[in-house]
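*Asks:* Here it is, the structure in full.
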Amino acid sequence: MIKYIIYLDTKIKGALYQTINYFKQGVFDENTLLLYKEYVKIDRLFKKELKKYNINFQSFKRYKDMPNIDGKIVFYLFNAQSNCRIVANRKAKHIFVTHGESNKVSSIKPIIRIYDHIIVAGDLGIDRYLYSEIFYKDDIQRNKVIKMGNTFIGDAKYSYNNFSKAILYAPTWEGGVIEENYSSLDKSLKSFITLNKIMKNHNIQKVYIQPHPNTGHRDIRYIKYLLDGLKYLAKENKNCKIILDGFIFKNIYILLLKFYNNIILSNNKQCKDISFALTDISAMEIQLLSKNIPVYILSVNEYNLISFNENVTKHYKNYNINNLDLKPIIILP
């Protein structure tokens, strides 16, 4: 019997795989129906992958063809404009889970108010909403916002080893709109030049590069920025292992690997020891910090930085692209 529904409206393949992870990890089971809006270009893939993992699903093209959700609990892992149409059914309960928290401005969109309940990892998530005045203290008191731990079901397969000669560079994607762009990728290759200097100065022998799976989805130029950066590191004789799990343009990079022997395709199934990581403001940053892995921030767009917490603000000022000396790391509590 179907008790729960996950609603999904996306054209991004990575969003499908992130949703599937919730089933693989046992958060949702056979009592849950994945209801998604059908798009011709990706529907075949959606059906194939959902059948592969025995997930109950139903798709629709027109809203009048949607199944009855009266009395159900509907979960939302991603924001989409059509979520508003589903939430308009007040005979169902609507819960926004999100697919991973971060300090991006996209984490505090006012549209979040439409849901009956919002899940956050902890006090920092609540502070974001209070600071931005999305919610107020009485909302917290009546459980509009509920703390349930990290809602990102994915796992960064890295562990901290102070003696490791390997590091991670994990640039985020360019965001759904320009105002939400926190990516350190650009045509100047500044992030890769910085990475090269850090490897030289700190005797780093290997770098894992894990780009966000959605890189290039809004702006195809970010594919070129990443490719050009990899070529630059290869010409600098840097040992690179690129991780493309769930990546939407994977075949382009596999082709690149044929021309550069020191760029190797790696998987993300086996845990890798690293001494520190370089990321953008993103959910990856939070994942790594939660595992006590030192993190430096490569891009900080101050105009859209959520500076609601003294420790967070201090962290971003101290550990950004301008501090190449890599002074001793302080892991935030």
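In the structure tokens, each chain is lettered A, B, ... as it comes, each chain's residues begin at 1, and ligands are numbered from 1 in order of appearance.
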With segment 105-121 of chain A as the partner and 10 Å as the cut-off, tabulate the residues of segment 142-231 of chain A that qualify, each row holding the nearest pair of atoms and their distance in Å to one decimal, using only C-alpha atoms, sorted by chain and rising number, as JSON lines.
*Replies:*
```
{"residue": "A:Arg142", "atom": "CA", "partner": "A:His117", "partner_atom": "CA", "distance": 9.9}
{"residue": "A:Asn143", "atom": "CA", "partner": "A:His117", "partner_atom": "CA", "distance": 7.2}
{"residue": "A:Lys144", "atom": "CA", "partner": "A:His117", "partner_atom": "CA", "distance": 4.8}
{"residue": "A:Val145", "atom": "CA", "partner": "A:Ile118", "partner_atom": "CA", "distance": 4.8}
{"residue": "A:Ile146", "atom": "CA", "partner": "A:Ile119", "partner_atom": "CA", "distance": 5.0}
{"residue": "A:Lys147", "atom": "CA", "partner": "A:Val120", "partner_atom": "CA", "distance": 5.0}
{"residue": "A:Met148", "atom": "CA", "partner": "A:Ala121", "partner_atom": "CA", "distance": 5.5}
{"residue": "A:Gly149", "atom": "CA", "partner": "A:Ala121", "partner_atom": "CA", "distance": 3.9}
{"residue": "A:Asn150", "atom": "CA", "partner": "A:Ala121", "partner_atom": "CA", "distance": 4.5}
{"residue": "A:Thr151", "atom": "CA", "partner": "A:Ala121", "partner_atom": "CA", "distance": 6.3}
{"residue": "A:Phe152", "atom": "CA", "partner": "A:Ala121", "partner_atom": "CA", "distance": 9.0}
{"residue": "A:Gly175", "atom": "CA", "partner": "A:Ser106", "partner_atom": "CA", "distance": 8.8}
{"residue": "A:Gly176", "atom": "CA", "partner": "A:Ser106", "partner_atom": "CA", "distance": 9.2}
{"residue": "A:Val177", "atom": "CA", "partner": "A:Ser106", "partner_atom": "CA", "distance": 9.7}
{"residue": "A:Glu179", "atom": "CA", "partner": "A:Val105", "partner_atom": "CA", "distance": 8.5}
{"residue": "A:Glu180", "atom": "CA", "partner": "A:Ser106", "partner_atom": "CA", "distance": 6.3}
{"residue": "A:Asn181", "atom": "CA", "partner": "A:Val105", "partner_atom": "CA", "distance": 9.5}
{"residue": "A:Tyr182", "atom": "CA", "partner": "A:Val105", "partner_atom": "CA", "distance": 9.7}
```
*Asks:* Store the residues picked out above in a file with N, CA and C atoms, as an mmCIF file, in the first residue's frame.
*Replies:*
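Printed below is result.cif as written:
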```
data_model
loop_
_atom_site.group_PDB
_atom_site.id
_atom_site.type_symbol
_atom_site.label_atom_id
_atom_site.label_comp_id
_atom_site.auth_asym_id
_atom_site.auth_seq_id
_atom_site.Cartn_x
_atom_site.Cartn_y
_atom_site.Cartn_z
ATOM 1 N N ARG A 142 6.542 25.632 16.650
ATOM 2 C CA ARG A 142 5.423 24.774 16.262
ATOM 3 C C ARG A 142 5.836 23.735 15.203
ATOM 4 N N ASN A 143 7.148 23.479 15.139
ATOM 5 C CA ASN A 143 7.702 22.407 14.300
ATOM 6 C C ASN A 143 7.460 22.592 12.809
ATOM 7 N N LYS A 144 7.406 23.825 12.369
ATOM 8 C CA LYS A 144 7.397 24.071 10.928
ATOM 9 C C LYS A 144 8.724 23.612 10.342
ATOM 10 N N VAL A 145 9.794 23.849 11.095
ATOM 11 C CA VAL A 145 11.133 23.412 10.718
ATOM 12 C C VAL A 145 11.577 22.332 11.709
ATOM 13 N N ILE A 146 12.008 21.181 11.172
ATOM 14 C CA ILE A 146 12.321 20.028 12.018
ATOM 15 C C ILE A 146 13.772 19.608 11.808
ATOM 16 N N LYS A 147 14.507 19.456 12.894
ATOM 17 C CA LYS A 147 15.890 18.967 12.818
ATOM 18 C C LYS A 147 15.895 17.446 12.763
ATOM 19 N N MET A 148 16.545 16.897 11.731
ATOM 20 C CA MET A 148 16.595 15.442 11.583
ATOM 21 C C MET A 148 17.963 14.925 11.149
ATOM 22 N N GLY A 149 18.995 15.770 11.238
ATOM 23 C CA GLY A 149 20.316 15.324 10.799
ATOM 24 C C GLY A 149 20.522 15.586 9.316
ATOM 25 N N ASN A 150 21.681 15.239 8.816
ATOM 26 C CA ASN A 150 22.053 15.511 7.430
ATOM 27 C C ASN A 150 21.092 14.826 6.470
ATOM 28 N N THR A 151 20.442 15.611 5.613
ATOM 29 C CA THR A 151 19.481 15.037 4.683
ATOM 30 C C THR A 151 20.105 14.646 3.351
ATOM 31 N N PHE A 152 21.411 14.844 3.197
ATOM 32 C CA PHE A 152 22.073 14.463 1.946
ATOM 33 C C PHE A 152 22.476 13.003 2.041
ATOM 34 N N GLY A 175 24.994 26.684 -11.155
ATOM 35 C CA GLY A 175 23.714 27.053 -10.570
ATOM 36 C C GLY A 175 22.602 27.201 -11.597
ATOM 37 N N GLY A 176 21.367 27.141 -11.102
ATOM 38 C CA GLY A 176 20.221 27.222 -11.996
ATOM 39 C C GLY A 176 20.028 28.597 -12.593
ATOM 40 N N VAL A 177 20.462 29.642 -11.867
ATOM 41 C CA VAL A 177 20.426 31.023 -12.366
ATOM 42 C C VAL A 177 21.752 31.681 -12.003
ATOM 43 N N GLU A 179 22.528 34.283 -10.368
ATOM 44 C CA GLU A 179 22.664 34.744 -8.985
ATOM 45 C C GLU A 179 23.041 33.621 -8.025
ATOM 46 N N GLU A 180 22.904 32.381 -8.445
ATOM 47 C CA GLU A 180 23.221 31.241 -7.587
ATOM 48 C C GLU A 180 24.499 30.527 -8.030
ATOM 49 N N ASN A 181 25.343 31.243 -8.761
ATOM 50 C CA ASN A 181 26.579 30.655 -9.267
ATOM 51 C C ASN A 181 27.707 30.801 -8.249
ATOM 52 N N TYR A 182 28.171 29.686 -7.711
ATOM 53 C CA TYR A 182 29.287 29.678 -6.769
ATOM 54 C C TYR A 182 30.487 28.910 -7.332
#
```
*Asks:* Find the residues around Tyr17 of chain A up to 12 Å (only C-alpha atoms counted), leave out those fewer than 3 positions away in its own chain, and share them as a list in words.
*Replies:* Leu8, Thr10, Lys11, Ile12, Lys13, Gly14, Ile20, Asn21, Tyr22, Phe23, Lys24, Leu45, Phe46, Lys48, Glu49, Leu50, Lys52, Tyr53, Leu77, His99, Ile153, Gly154, Pro213, Asn214, Asp245, Gly246, Phe247 and Ile248 of chain A
*Asks:* Output N, CA, C and O atoms for every residue in that selection, as an mmCIF file, in the first residue's frame.
*Replies:*
```cif
data_model
loop_
_atom_site.group_PDB
_atom_site.id
_atom_site.type_symbol
_atom_site.label_atom_id
_atom_site.label_comp_id
_atom_site.auth_asym_id
_atom_site.auth_seq_id
_atom_site.Cartn_x
_atom_site.Cartn_y
_atom_site.Cartn_z
ATOM 1 N N LEU A 8 8.847 14.666 -8.164
ATOM 2 C CA LEU A 8 10.076 15.056 -8.845
ATOM 3 C C LEU A 8 9.737 15.687 -10.192
ATOM 4 O O LEU A 8 9.057 15.081 -11.021
ATOM 5 N N THR A 10 12.109 17.376 -12.925
ATOM 6 C CA THR A 10 13.472 17.749 -13.294
ATOM 7 C C THR A 10 13.833 17.180 -14.657
ATOM 8 O O THR A 10 13.296 16.149 -15.072
ATOM 9 N N LYS A 11 14.728 17.865 -15.338
ATOM 10 C CA LYS A 11 15.314 17.351 -16.576
ATOM 11 C C LYS A 11 16.772 16.960 -16.352
ATOM 12 O O LYS A 11 17.482 16.625 -17.292
ATOM 13 N N ILE A 12 17.205 17.016 -15.102
ATOM 14 C CA ILE A 12 18.602 16.751 -14.756
ATOM 15 C C ILE A 12 18.765 15.293 -14.331
ATOM 16 O O ILE A 12 18.137 14.843 -13.366
ATOM 17 N N LYS A 13 19.601 14.568 -15.023
ATOM 18 C CA LYS A 13 19.802 13.149 -14.725
ATOM 19 C C LYS A 13 20.345 12.948 -13.314
ATOM 20 O O LYS A 13 19.977 11.994 -12.625
ATOM 21 N N GLY A 14 21.241 13.848 -12.907
ATOM 22 C CA GLY A 14 21.829 13.707 -11.582
ATOM 23 C C GLY A 14 20.793 13.730 -10.478
ATOM 24 O O GLY A 14 20.944 13.068 -9.453
ATOM 25 N N ILE A 20 17.230 8.191 -6.331
ATOM 26 C CA ILE A 20 17.353 6.736 -6.218
ATOM 27 C C ILE A 20 18.159 6.351 -4.984
ATOM 28 O O ILE A 20 17.890 5.336 -4.330
ATOM 29 N N ASN A 21 19.151 7.175 -4.631
ATOM 30 C CA ASN A 21 19.980 6.883 -3.455
ATOM 31 C C ASN A 21 19.159 6.788 -2.179
ATOM 32 O O ASN A 21 19.490 6.022 -1.267
ATOM 33 N N TYR A 22 18.088 7.560 -2.095
ATOM 34 C CA TYR A 22 17.230 7.500 -0.907
ATOM 35 C C TYR A 22 16.581 6.124 -0.776
ATOM 36 O O TYR A 22 16.371 5.630 0.333
ATOM 37 N N PHE A 23 16.275 5.502 -1.889
ATOM 38 C CA PHE A 23 15.720 4.150 -1.867
ATOM 39 C C PHE A 23 16.816 3.123 -1.587
ATOM 40 O O PHE A 23 16.619 2.184 -0.806
ATOM 41 N N LYS A 24 17.967 3.297 -2.198
ATOM 42 C CA LYS A 24 19.069 2.358 -1.996
ATOM 43 C C LYS A 24 19.515 2.325 -0.545
ATOM 44 O O LYS A 24 19.929 1.279 -0.032
ATOM 45 N N LEU A 45 15.309 6.907 -19.867
ATOM 46 C CA LEU A 45 16.321 6.682 -18.833
ATOM 47 C C LEU A 45 15.666 6.553 -17.461
ATOM 48 O O LEU A 45 16.022 5.661 -16.679
ATOM 49 N N PHE A 46 14.725 7.442 -17.157
ATOM 50 C CA PHE A 46 14.042 7.390 -15.863
ATOM 51 C C PHE A 46 13.398 6.024 -15.640
ATOM 52 O O PHE A 46 13.602 5.391 -14.602
ATOM 53 N N LYS A 48 14.002 3.155 -17.101
ATOM 54 C CA LYS A 48 15.012 2.091 -17.047
ATOM 55 C C LYS A 48 15.656 2.005 -15.667
ATOM 56 O O LYS A 48 15.778 0.915 -15.081
ATOM 57 N N GLU A 49 16.069 3.154 -15.124
ATOM 58 C CA GLU A 49 16.758 3.166 -13.835
ATOM 59 C C GLU A 49 15.816 2.826 -12.677
ATOM 60 O O GLU A 49 16.200 2.114 -11.744
ATOM 61 N N LEU A 50 14.595 3.289 -12.725
ATOM 62 C CA LEU A 50 13.642 3.021 -11.645
ATOM 63 C C LEU A 50 13.234 1.549 -11.614
ATOM 64 O O LEU A 50 13.067 0.955 -10.542
ATOM 65 N N LYS A 52 15.165 -0.835 -12.637
ATOM 66 C CA LYS A 52 16.393 -1.514 -12.207
ATOM 67 C C LYS A 52 16.444 -1.678 -10.694
ATOM 68 O O LYS A 52 16.902 -2.703 -10.175
ATOM 69 N N TYR A 53 15.943 -0.692 -9.960
ATOM 70 C CA TYR A 53 15.993 -0.720 -8.497
ATOM 71 C C TYR A 53 14.629 -1.032 -7.866
ATOM 72 O O TYR A 53 14.448 -0.854 -6.670
ATOM 73 N N LEU A 77 12.387 16.640 -2.785
ATOM 74 C CA LEU A 77 13.839 16.671 -2.610
ATOM 75 C C LEU A 77 14.470 17.842 -3.355
ATOM 76 O O LEU A 77 15.604 18.219 -3.066
ATOM 77 N N HIS A 99 17.967 17.935 -1.004
ATOM 78 C CA HIS A 99 18.957 16.915 -1.368
ATOM 79 C C HIS A 99 20.338 17.264 -0.836
ATOM 80 O O HIS A 99 21.332 16.672 -1.233
ATOM 81 N N ILE A 153 21.819 12.158 1.267
ATOM 82 C CA ILE A 153 22.012 10.717 1.391
ATOM 83 C C ILE A 153 23.315 10.241 0.744
ATOM 84 O O ILE A 153 23.811 9.169 1.018
ATOM 85 N N GLY A 154 23.887 11.081 -0.128
ATOM 86 C CA GLY A 154 25.152 10.706 -0.747
ATOM 87 C C GLY A 154 26.287 10.757 0.254
ATOM 88 O O GLY A 154 26.199 11.407 1.290
ATOM 89 N N PRO A 213 27.959 16.878 -10.685
ATOM 90 C CA PRO A 213 27.360 16.170 -11.829
ATOM 91 C C PRO A 213 26.603 17.066 -12.796
ATOM 92 O O PRO A 213 26.472 16.726 -13.975
ATOM 93 N N ASN A 214 26.114 18.221 -12.332
ATOM 94 C CA ASN A 214 25.312 19.088 -13.204
ATOM 95 C C ASN A 214 26.134 20.150 -13.931
ATOM 96 O O ASN A 214 25.563 21.022 -14.583
ATOM 97 N N ASP A 245 31.163 10.171 -11.483
ATOM 98 C CA ASP A 245 29.945 9.452 -11.138
ATOM 99 C C ASP A 245 28.721 10.353 -11.326
ATOM 100 O O ASP A 245 28.633 11.434 -10.742
ATOM 101 N N GLY A 246 27.771 9.919 -12.148
ATOM 102 C CA GLY A 246 26.545 10.669 -12.377
ATOM 103 C C GLY A 246 26.720 11.889 -13.256
ATOM 104 O O GLY A 246 25.793 12.672 -13.424
ATOM 105 N N PHE A 247 27.901 12.066 -13.856
ATOM 106 C CA PHE A 247 28.186 13.274 -14.621
ATOM 107 C C PHE A 247 27.433 13.261 -15.946
ATOM 108 O O PHE A 247 27.392 12.249 -16.651
ATOM 109 N N ILE A 248 26.818 14.392 -16.305
ATOM 110 C CA ILE A 248 25.949 14.406 -17.480
ATOM 111 C C ILE A 248 26.710 14.464 -18.800
ATOM 112 O O ILE A 248 26.144 14.157 -19.842
#
```
*Asks:* For atom CA of Val74 of chain A and atom CA of Ser282 of chain A, quote the distance in Å rounded to one decimal.
*Replies:*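 Value for the atom CA of Val74 of chain A-atom CA of Ser282 of chain A distance: 26.0 Å.
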*Asks:* Step one, run DSSP on the backbone; step two, keep only residues of segment 170-291 of chain A assigned to strand (DSSP E or B); then write them as JSON, numbers by chain.
*Replies:* {"A": [170, 206, 207, 208, 209, 240, 241, 242, 243, 263, 264, 265, 266, 272, 273, 274, 276, 277, 278, 279]}
*Asks:* The selected residues should be written to file as a short mmCIF file (atom, residue, chain, number, x, y, z; two decimals), in the first residue's frame (atoms: all heavy atoms).
*Replies:*
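Written file, selection.cif:
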```cif
data_model
loop_
_atom_site.label_atom_id
_atom_site.label_comp_id
_atom_site.auth_asym_id
_atom_site.auth_seq_id
_atom_site.Cartn_x
_atom_site.Cartn_y
_atom_site.Cartn_z
N ALA A 170 36.88 19.88 -5.66
CA ALA A 170 35.49 19.58 -5.99
C ALA A 170 34.74 20.87 -6.33
O ALA A 170 34.10 21.47 -5.47
CB ALA A 170 34.81 18.84 -4.84
N LYS A 206 49.17 13.93 -5.86
CA LYS A 206 47.98 13.47 -6.57
C LYS A 206 46.80 14.36 -6.21
O LYS A 206 46.66 14.80 -5.07
CB LYS A 206 47.64 12.03 -6.18
CG LYS A 206 46.43 11.42 -6.89
CD LYS A 206 46.01 10.10 -6.24
CE LYS A 206 47.15 9.11 -6.18
NZ LYS A 206 46.74 7.83 -5.54
N VAL A 207 45.96 14.65 -7.20
CA VAL A 207 44.74 15.41 -6.94
C VAL A 207 43.55 14.65 -7.53
O VAL A 207 43.56 14.23 -8.67
CB VAL A 207 44.81 16.84 -7.53
CG1 VAL A 207 45.08 16.84 -9.02
CG2 VAL A 207 43.53 17.60 -7.21
N TYR A 208 42.55 14.47 -6.68
CA TYR A 208 41.27 13.94 -7.15
C TYR A 208 40.41 15.13 -7.54
O TYR A 208 40.28 16.10 -6.78
CB TYR A 208 40.56 13.15 -6.04
CG TYR A 208 41.28 11.90 -5.62
CD1 TYR A 208 42.00 11.87 -4.43
CD2 TYR A 208 41.25 10.75 -6.41
CE1 TYR A 208 42.67 10.72 -4.02
CE2 TYR A 208 41.91 9.60 -6.01
CZ TYR A 208 42.62 9.59 -4.83
OH TYR A 208 43.28 8.45 -4.44
N ILE A 209 39.83 15.08 -8.72
CA ILE A 209 38.96 16.16 -9.18
C ILE A 209 37.56 15.59 -9.35
O ILE A 209 37.34 14.69 -10.17
CB ILE A 209 39.47 16.78 -10.48
CG1 ILE A 209 40.85 17.41 -10.24
CG2 ILE A 209 38.48 17.81 -11.01
CD1 ILE A 209 41.47 18.03 -11.46
N CYS A 240 46.42 13.49 -12.01
CA CYS A 240 45.02 13.79 -11.75
C CYS A 240 44.16 12.53 -11.89
O CYS A 240 44.33 11.75 -12.82
CB CYS A 240 44.49 14.83 -12.73
SG CYS A 240 45.42 16.37 -12.77
N LYS A 241 43.25 12.38 -10.96
CA LYS A 241 42.25 11.32 -11.08
C LYS A 241 40.88 12.01 -11.04
O LYS A 241 40.51 12.63 -10.05
CB LYS A 241 42.37 10.31 -9.94
CG LYS A 241 43.63 9.46 -10.04
CD LYS A 241 43.54 8.19 -9.22
CE LYS A 241 44.72 7.28 -9.52
NZ LYS A 241 44.62 5.98 -8.81
N ILE A 242 40.14 11.91 -12.13
CA ILE A 242 38.86 12.60 -12.22
C ILE A 242 37.72 11.61 -11.96
O ILE A 242 37.72 10.48 -12.45
CB ILE A 242 38.68 13.29 -13.59
CG1 ILE A 242 37.37 14.06 -13.63
CG2 ILE A 242 38.78 12.31 -14.74
CD1 ILE A 242 37.25 15.03 -14.77
N ILE A 243 36.78 12.05 -11.14
CA ILE A 243 35.66 11.21 -10.71
C ILE A 243 34.40 11.77 -11.36
O ILE A 243 34.02 12.91 -11.13
CB ILE A 243 35.53 11.21 -9.18
CG1 ILE A 243 36.82 10.60 -8.58
CG2 ILE A 243 34.30 10.44 -8.73
CD1 ILE A 243 36.99 10.86 -7.11
N ILE A 263 46.02 11.88 -16.71
CA ILE A 263 44.63 12.09 -16.27
C ILE A 263 43.94 10.74 -16.33
O ILE A 263 43.77 10.15 -17.39
CB ILE A 263 43.89 13.10 -17.16
CG1 ILE A 263 44.59 14.46 -17.11
CG2 ILE A 263 42.44 13.24 -16.73
CD1 ILE A 263 43.92 15.51 -17.96
N ILE A 264 43.54 10.25 -15.18
CA ILE A 264 43.00 8.89 -15.06
C ILE A 264 41.56 8.96 -14.56
O ILE A 264 41.25 9.71 -13.63
CB ILE A 264 43.86 8.04 -14.10
CG1 ILE A 264 45.30 7.97 -14.62
CG2 ILE A 264 43.28 6.65 -13.92
CD1 ILE A 264 46.27 7.34 -13.65
N LEU A 265 40.70 8.18 -15.16
CA LEU A 265 39.32 8.08 -14.70
C LEU A 265 39.27 7.21 -13.46
O LEU A 265 39.80 6.11 -13.43
CB LEU A 265 38.43 7.49 -15.79
CG LEU A 265 36.94 7.38 -15.47
CD1 LEU A 265 36.34 8.76 -15.29
CD2 LEU A 265 36.22 6.62 -16.58
N SER A 266 38.65 7.71 -12.41
CA SER A 266 38.56 6.97 -11.15
C SER A 266 37.09 6.82 -10.78
O SER A 266 36.23 7.54 -11.27
CB SER A 266 39.31 7.72 -10.05
OG SER A 266 39.29 7.00 -8.84
N LYS A 272 39.02 7.26 -0.27
CA LYS A 272 40.35 7.74 -0.60
C LYS A 272 40.86 8.65 0.51
O LYS A 272 40.14 9.52 0.98
CB LYS A 272 40.29 8.51 -1.93
CG LYS A 272 39.69 7.69 -3.08
CD LYS A 272 39.29 8.58 -4.23
CE LYS A 272 38.66 7.77 -5.33
NZ LYS A 272 37.37 7.17 -4.92
N ASP A 273 42.10 8.46 0.91
CA ASP A 273 42.73 9.29 1.93
C ASP A 273 43.20 10.60 1.30
O ASP A 273 43.86 10.59 0.26
CB ASP A 273 43.92 8.58 2.56
CG ASP A 273 43.50 7.50 3.54
OD1 ASP A 273 42.31 7.45 3.88
OD2 ASP A 273 44.36 6.70 3.94
N ILE A 274 42.86 11.72 1.94
CA ILE A 274 43.35 13.02 1.48
C ILE A 274 43.78 13.84 2.69
O ILE A 274 43.31 13.62 3.80
CB ILE A 274 42.27 13.80 0.69
CG1 ILE A 274 41.00 13.99 1.53
CG2 ILE A 274 41.95 13.11 -0.63
CD1 ILE A 274 39.95 14.86 0.86
N PHE A 276 43.70 17.35 2.64
CA PHE A 276 42.74 18.44 2.72
C PHE A 276 42.00 18.53 1.39
O PHE A 276 42.32 17.82 0.43
CB PHE A 276 43.40 19.79 3.08
CG PHE A 276 44.46 20.26 2.12
CD1 PHE A 276 44.14 21.04 1.02
CD2 PHE A 276 45.80 19.95 2.35
CE1 PHE A 276 45.12 21.49 0.16
CE2 PHE A 276 46.79 20.40 1.49
CZ PHE A 276 46.45 21.16 0.39
N ALA A 277 41.00 19.40 1.34
CA ALA A 277 40.18 19.54 0.13
C ALA A 277 40.02 21.00 -0.24
O ALA A 277 40.08 21.90 0.60
CB ALA A 277 38.81 18.90 0.34
N LEU A 278 39.81 21.25 -1.52
CA LEU A 278 39.48 22.56 -2.06
C LEU A 278 38.11 22.45 -2.68
O LEU A 278 37.90 21.65 -3.59
CB LEU A 278 40.51 22.99 -3.11
CG LEU A 278 41.97 22.99 -2.66
CD1 LEU A 278 42.89 23.10 -3.86
CD2 LEU A 278 42.24 24.13 -1.70
N THR A 279 37.16 23.24 -2.20
CA THR A 279 35.82 23.20 -2.75
C THR A 279 35.29 24.61 -2.93
O THR A 279 35.91 25.59 -2.51
CB THR A 279 34.84 22.42 -1.84
OG1 THR A 279 34.47 23.25 -0.73
CG2 THR A 279 35.43 21.12 -1.34
#
```
*Asks:* Might you pull out every residue within 12 Å of Leu185 of chain A, with only C-alpha atoms counted and same-chain residues fewer than 5 positions away left off, and present them as number ranges by chain?
*Replies:* A: 169-175, 190-195, 211-212, 215-216, 219-230, 279-280, 298-299
*Asks:* Create the file for the chosen residues now, containing N, CA and C atoms and written as a tab-separated table (two decimals), in the first residue's frame.
*Replies:*
```tsv
chain	number	residue	atom	x	y	z
A	169	TYR	N	39.89	18.36	-5.27
A	169	TYR	CA	39.30	19.60	-5.77
A	169	TYR	C	37.90	19.27	-6.27
A	170	ALA	N	36.88	19.88	-5.66
A	170	ALA	CA	35.49	19.58	-5.99
A	170	ALA	C	34.74	20.87	-6.33
A	171	PRO	N	34.83	21.32	-7.58
A	171	PRO	CA	34.10	22.54	-7.96
A	171	PRO	C	32.61	22.26	-8.09
A	172	THR	N	31.79	23.21	-7.68
A	172	THR	CA	30.35	23.05	-7.83
A	172	THR	C	29.92	23.48	-9.24
A	173	TRP	N	28.64	23.31	-9.55
A	173	TRP	CA	28.15	23.71	-10.87
A	173	TRP	C	27.79	25.19	-10.88
A	174	GLU	N	27.37	25.67	-12.04
A	174	GLU	CA	27.13	27.10	-12.23
A	174	GLU	C	25.78	27.57	-11.73
A	175	GLY	N	24.99	26.68	-11.16
A	175	GLY	CA	23.71	27.05	-10.57
A	175	GLY	C	22.60	27.20	-11.60
A	190	LYS	N	41.81	30.28	-13.08
A	190	LYS	CA	42.39	30.71	-11.81
A	190	LYS	C	42.43	29.57	-10.78
A	191	SER	N	41.36	28.78	-10.70
A	191	SER	CA	41.32	27.72	-9.70
A	191	SER	C	42.37	26.64	-9.99
A	192	PHE	N	42.60	26.34	-11.26
A	192	PHE	CA	43.57	25.31	-11.62
A	192	PHE	C	45.00	25.82	-11.46
A	193	ILE	N	45.21	27.09	-11.74
A	193	ILE	CA	46.53	27.68	-11.51
A	193	ILE	C	46.85	27.67	-10.01
A	194	THR	N	45.85	28.01	-9.20
A	194	THR	CA	46.01	27.95	-7.74
A	194	THR	C	46.28	26.53	-7.29
A	195	LEU	N	45.56	25.59	-7.84
A	195	LEU	CA	45.74	24.18	-7.50
A	195	LEU	C	47.15	23.72	-7.83
A	211	PRO	N	34.01	17.02	-10.18
A	211	PRO	CA	33.10	18.12	-10.54
A	211	PRO	C	31.67	17.76	-10.18
A	212	HIS	N	30.87	18.76	-9.92
A	212	HIS	CA	29.45	18.55	-9.66
A	212	HIS	C	28.81	17.88	-10.88
A	215	THR	N	27.44	20.10	-13.82
A	215	THR	CA	28.29	21.10	-14.46
A	215	THR	C	27.97	21.21	-15.95
A	216	GLY	N	27.69	22.43	-16.40
A	216	GLY	CA	27.38	22.65	-17.80
A	216	GLY	C	25.91	22.54	-18.14
A	219	ASP	N	24.92	26.39	-18.36
A	219	ASP	CA	25.85	27.13	-19.20
A	219	ASP	C	26.92	26.17	-19.70
A	220	ILE	N	26.85	25.79	-20.96
A	220	ILE	CA	27.74	24.78	-21.53
A	220	ILE	C	29.20	25.21	-21.48
A	221	ARG	N	29.47	26.50	-21.31
A	221	ARG	CA	30.86	26.97	-21.26
A	221	ARG	C	31.63	26.36	-20.09
A	222	TYR	N	30.91	25.97	-19.04
A	222	TYR	CA	31.59	25.41	-17.87
A	222	TYR	C	32.18	24.03	-18.14
A	223	ILE	N	31.68	23.36	-19.16
A	223	ILE	CA	32.31	22.12	-19.61
A	223	ILE	C	33.70	22.43	-20.16
A	224	LYS	N	33.77	23.47	-20.99
A	224	LYS	CA	35.05	23.87	-21.57
A	224	LYS	C	36.02	24.34	-20.49
A	225	TYR	N	35.53	25.11	-19.51
A	225	TYR	CA	36.41	25.57	-18.43
A	225	TYR	C	37.05	24.39	-17.71
A	226	LEU	N	36.25	23.37	-17.47
A	226	LEU	CA	36.76	22.19	-16.77
A	226	LEU	C	37.74	21.41	-17.64
A	227	LEU	N	37.40	21.24	-18.90
A	227	LEU	CA	38.30	20.55	-19.82
A	227	LEU	C	39.63	21.28	-19.96
A	228	ASP	N	39.56	22.60	-20.11
A	228	ASP	CA	40.79	23.39	-20.25
A	228	ASP	C	41.64	23.30	-18.99
A	229	GLY	N	41.00	23.26	-17.83
A	229	GLY	CA	41.73	23.14	-16.57
A	229	GLY	C	42.44	21.80	-16.46
A	230	LEU	N	41.77	20.75	-16.89
A	230	LEU	CA	42.39	19.42	-16.86
A	230	LEU	C	43.58	19.35	-17.82
A	279	THR	N	37.16	23.24	-2.20
A	279	THR	CA	35.82	23.20	-2.75
A	279	THR	C	35.29	24.61	-2.93
A	280	ASP	N	34.13	24.69	-3.54
A	280	ASP	CA	33.37	25.93	-3.55
A	280	ASP	C	32.36	25.86	-2.41
A	298	LEU	N	37.51	27.95	-2.59
A	298	LEU	CA	38.14	28.56	-3.75
A	298	LEU	C	37.35	29.73	-4.32
A	299	SER	N	36.07	29.80	-4.07
A	299	SER	CA	35.32	30.94	-4.60
A	299	SER	C	34.36	31.45	-3.55
```
*Asks:* In Å, rounded to a single decimal, give me how far atom CA of Gln18 of chain A is from atom CA of Met66 of chain A.
*Replies:*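 Those two atoms sit 23.0 Å apart.
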*Asks:* Give me, as a ChimeraX atom specification, all polymer residues having an atom no more than 9 Å from Ile73 of chain A, counting only C-alpha atoms and skipping those fewer than 5 positions away in the same chain.
*Replies:* /A:3-6,92-95
*Asks:* Using DSSP secondary structure from the backbone, list all helix (DSSP H, G or I) positions within segment 3-175 of chain A, as JSON, numbers by chain.
*Replies:* {"A": [13, 14, 15, 16, 17, 18, 19, 20, 21, 22, 23, 24, 40, 41, 42, 43, 44, 45, 46, 47, 48, 49, 50, 51, 52, 63, 64, 65, 83, 84, 85, 86, 87, 105, 106, 107, 108, 110, 111, 112, 113, 114, 123, 124, 125, 126, 127, 128, 129, 130, 131, 137, 138, 139, 140, 141]}
